[in-house]
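Asker: Starting off with a structure, shown below.
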Amino acid sequence: MKKKNKLLEYIGTKELAEIQEQYVSSFFKIWSVPDTAKELLSSDRRFSSDDWKNSGFLSAFAATYLLNTRTLNTITEKLSLEENQKEKLNFVLENYMSSCSPANFMATNPEAQKKFFETKGKSMVAGAENFLTDVHKGRISQTDEDVFEVGKNLANTNGGVIFENEVFQLIQYKNLDDNVKEVPILFVPPCINKFYILDLKESSSMVKFALEKGNQVFLISWKNVNDKETTLTWDDYVEKGVIAAVDIVSSISKKQRINTLGFCIGGTLLSCAAGVLAKRNKKKIKSITLMASLLEFSDSGILKIFIDDSSIAARDQAIGQKGIMAGAELATTFSFLRPNDLIWNYYVGNYLKGEKPPAFDLLYWNCDSANLPGPFYCKYLRNFYLRNKLSVPNRLTVCGEQINLSEIDLPIYAMGAKEDHIVPPQSAFKSAQLFGGNVRFVLGASGHIAGCINPASYNKRSFWVNSKVRKIAGKQYKDWITSSSEMNGSWWIDWGDWLGKNNGRLIKKNKKLGNNVFKIIEKAPGRYVKEKAKKL
């Protein structure tokens, strides 16, 4: 008996026949008409150089690879699978095909071959040295790490550490002018990474931008978890972290209510803290800014393919009560979400061509990983990504309080990034709808990091606003974006104007950082941010 083609169970016979016919036609055109191969190569920056287009057999070989990739993607899209299954298949397929690229092998990469002959073999020697260096590091170098030093040319805004515990250090920054706005702002960065994503080099520091606007700026620097912090929970990060910081900033500034900003998971922690304070009837927060933060996890982006009951149960068993979630593992996972840009691009440059990657502050930060406590991480996955509890009033208990974000009636500034694969823009929009106060939503260009860290001084990219929609409650993202207006430059300018309406009048700044209770422990950026993630 003839075996039935298993593929036909998931895709129609007619559709499969059409894909096969198109593939065969394109295949022979690639090998018989040189311009066809060149056109296909131009569509992918890995093969867009003249070295690839004019290399005869290798041109056609690379174009065939692109045709194979495109055909497999077409088949995947037409398969009758559940969306989650299709996303998992796409992830595996993308990583497999990226690893098979002709660009990754000396024998099929004309650019690497040209470099070898031009340097008389020195590029291969340099590539071997780069490889051995990266083996020692345990990761592929994405930037020239010798150029940067935290506290010297990164995270070097003038300030002091005025408090520390087992969860965080609190940094207060020195104001630039004698007069400052009376209501301070507390920055809550992601604990998955180091805080200096918000304080890179001077020209791209959001901390510096806020100071230039006359704000009193405080910032949480999370502890890089080692052996002593392996039992810390989500509640610890909220109570001993965010809420403790809010109380200290309020005490130093002598203002009952302060402005706050949370980025990524920092925004999730901040929102939980605001929910706890609301339940306790403590009016400590005046406004909330959320940068690419997930609160509503029904569409949690590409990361959801890694999360299900069985995977979380395995994590719980391993580190749910005590242990460390390695920052290096998280960094590797994020890199494999964009394998061509964050893995194979550097594999080819570092090892096949023997080049040193250019100095780039964002990529240095990206490689400076931070460990997380196992109990904290497991609760985050289960309660937020898997169960989506924060989106349902009174379903999630944090620090003994049932959280209801709709009870938080504060001015909210929420931004998403148009090409964000970590926090999809529609999810950032939906998350902002959970609050009870007025919400201003803006959309930045680019992805999760470049969309958020878009310095006003560079005047690059763009952002979208919608002045027609005064309240986003009950609105759909697709309707909001359809009627929005694109503005040139950085969304930071818009945010600075919005914050200016919530930070009060000008007052004389304090001559010293801290106060009689909270005194300077050490200069910013402090010890915590300089601690390297413990290798497991």
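Starting from 1 in every chain, residues are counted up; chains themselves are A, B, ... following the order of the structure tokens, and ligands are numbered from 1 as listed.
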Please provide as a PyMOL selection string all residues within 10 Å of segment 469-478 of chain A, with the sequence filter that same-chain residues fewer than 4 positions apart are discarded (counting only C-alpha atoms).

Answerer: chain A and resi 425-430+432-441+465+482-484

Asker: List the spatial neighbours of segment 266-281 of chain A as an MDAnalysis selection string - criterion: any atom at most 10 Å away, only C-alpha atoms, same-chain residues fewer than 4 positions off excluded.

Answerer: chainID A and resid 187:192 195 220 234:235 237:239 241:244 246 260:262 285 287:296 380 384 390 394 396:410 414 431 435

Asker: Please return as a ChimeraX atom specification: the residues of segment 338-509 of chain A that backbone DSSP assigns to strand (DSSP E or B).

Answerer: /A:369,372-373,397-398,401-402,412-417,439-444,462-465,485-488,506-508

Asker: Please identify every residue of segment 200-267 of chain A that has at least one atom no farther than 9 Å from an atom of segment 144-160 of chain A, counting only C-alpha atoms, and for each give the shortest atom pair and the distance in Å to one decimal, arranged by chain then increasing number, as CSV.

Answerer:
```
residue,atom,partner,partner_atom,distance
A:Leu200,CA,A:Leu154,CA,4.9
A:Lys201,CA,A:Leu154,CA,5.0
A:Glu202,CA,A:Thr157,CA,7.5
A:Ser205,CA,A:Ala155,CA,8.3
A:Val207,CA,A:Thr157,CA,7.8
A:Lys208,CA,A:Thr157,CA,6.9
```

Asker: Those same residues - C-alpha atoms - I'd like them written as a short mmCIF file (atom, residue, chain, number, x, y, z; two decimals), in the first residue's frame.

Answerer:
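See part-v2.cif below for the written result:
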```cif
data_model
loop_
_atom_site.label_atom_id
_atom_site.label_comp_id
_atom_site.auth_asym_id
_atom_site.auth_seq_id
_atom_site.Cartn_x
_atom_site.Cartn_y
_atom_site.Cartn_z
CA LEU A 200 24.94 54.96 28.25
CA LYS A 201 27.48 57.43 26.92
CA GLU A 202 26.62 61.07 27.63
CA SER A 205 21.82 58.83 28.30
CA VAL A 207 19.25 59.93 32.79
CA LYS A 208 21.24 62.89 31.44
#
```

Asker: Show me, as a Markdown table, the residues of segment 190-257 of chain A having an atom within 9 Å of segment 165-185 of chain A, each with the closest atom pair and its distance in Å, using only C-alpha atoms.

Answerer:
```
| residue | atom | partner | partner_atom | distance |
| --- | --- | --- | --- | --- |
| A:Val207 | CA | A:Tyr173 | CA | 8.5 |
| A:Ala210 | CA | A:Ile185 | CA | 8.8 |
| A:Leu211 | CA | A:Asn175 | CA | 6.2 |
| A:Glu212 | CA | A:Leu176 | CA | 6.8 |
| A:Lys213 | CA | A:Lys181 | CA | 8.7 |
| A:Gly214 | CA | A:Val180 | CA | 5.0 |
| A:Asn215 | CA | A:Lys181 | CA | 5.3 |
| A:Gln216 | CA | A:Pro184 | CA | 4.5 |
| A:Val217 | CA | A:Ile185 | CA | 5.2 |
| A:Phe218 | CA | A:Gln172 | CA | 4.5 |
| A:Leu219 | CA | A:Ile171 | CA | 5.1 |
| A:Ile220 | CA | A:Leu170 | CA | 4.9 |
| A:Ser221 | CA | A:Gln169 | CA | 5.1 |
| A:Trp222 | CA | A:Phe168 | CA | 4.3 |
| A:Lys223 | CA | A:Phe168 | CA | 5.0 |
| A:Asn224 | CA | A:Val167 | CA | 8.6 |
| A:Val225 | CA | A:Val167 | CA | 8.5 |
| A:Lys228 | CA | A:Glu166 | CA | 8.4 |
| A:Glu229 | CA | A:Glu166 | CA | 7.0 |
| A:Leu232 | CA | A:Val167 | CA | 8.1 |
| A:Asp236 | CA | A:Val167 | CA | 7.6 |
| A:Tyr237 | CA | A:Val167 | CA | 6.6 |
| A:Lys240 | CA | A:Val167 | CA | 6.7 |
| A:Gly241 | CA | A:Val167 | CA | 6.1 |
| A:Ala245 | CA | A:Leu170 | CA | 6.8 |
| A:Ile248 | CA | A:Leu170 | CA | 8.8 |
| A:Val249 | CA | A:Pro184 | CA | 7.6 |
| A:Ser250 | CA | A:Pro184 | CA | 8.2 |
| A:Ser253 | CA | A:Pro184 | CA | 7.0 |
| A:Lys255 | CA | A:Val183 | CA | 6.6 |
| A:Arg257 | CA | A:Val183 | CA | 7.5 |
```
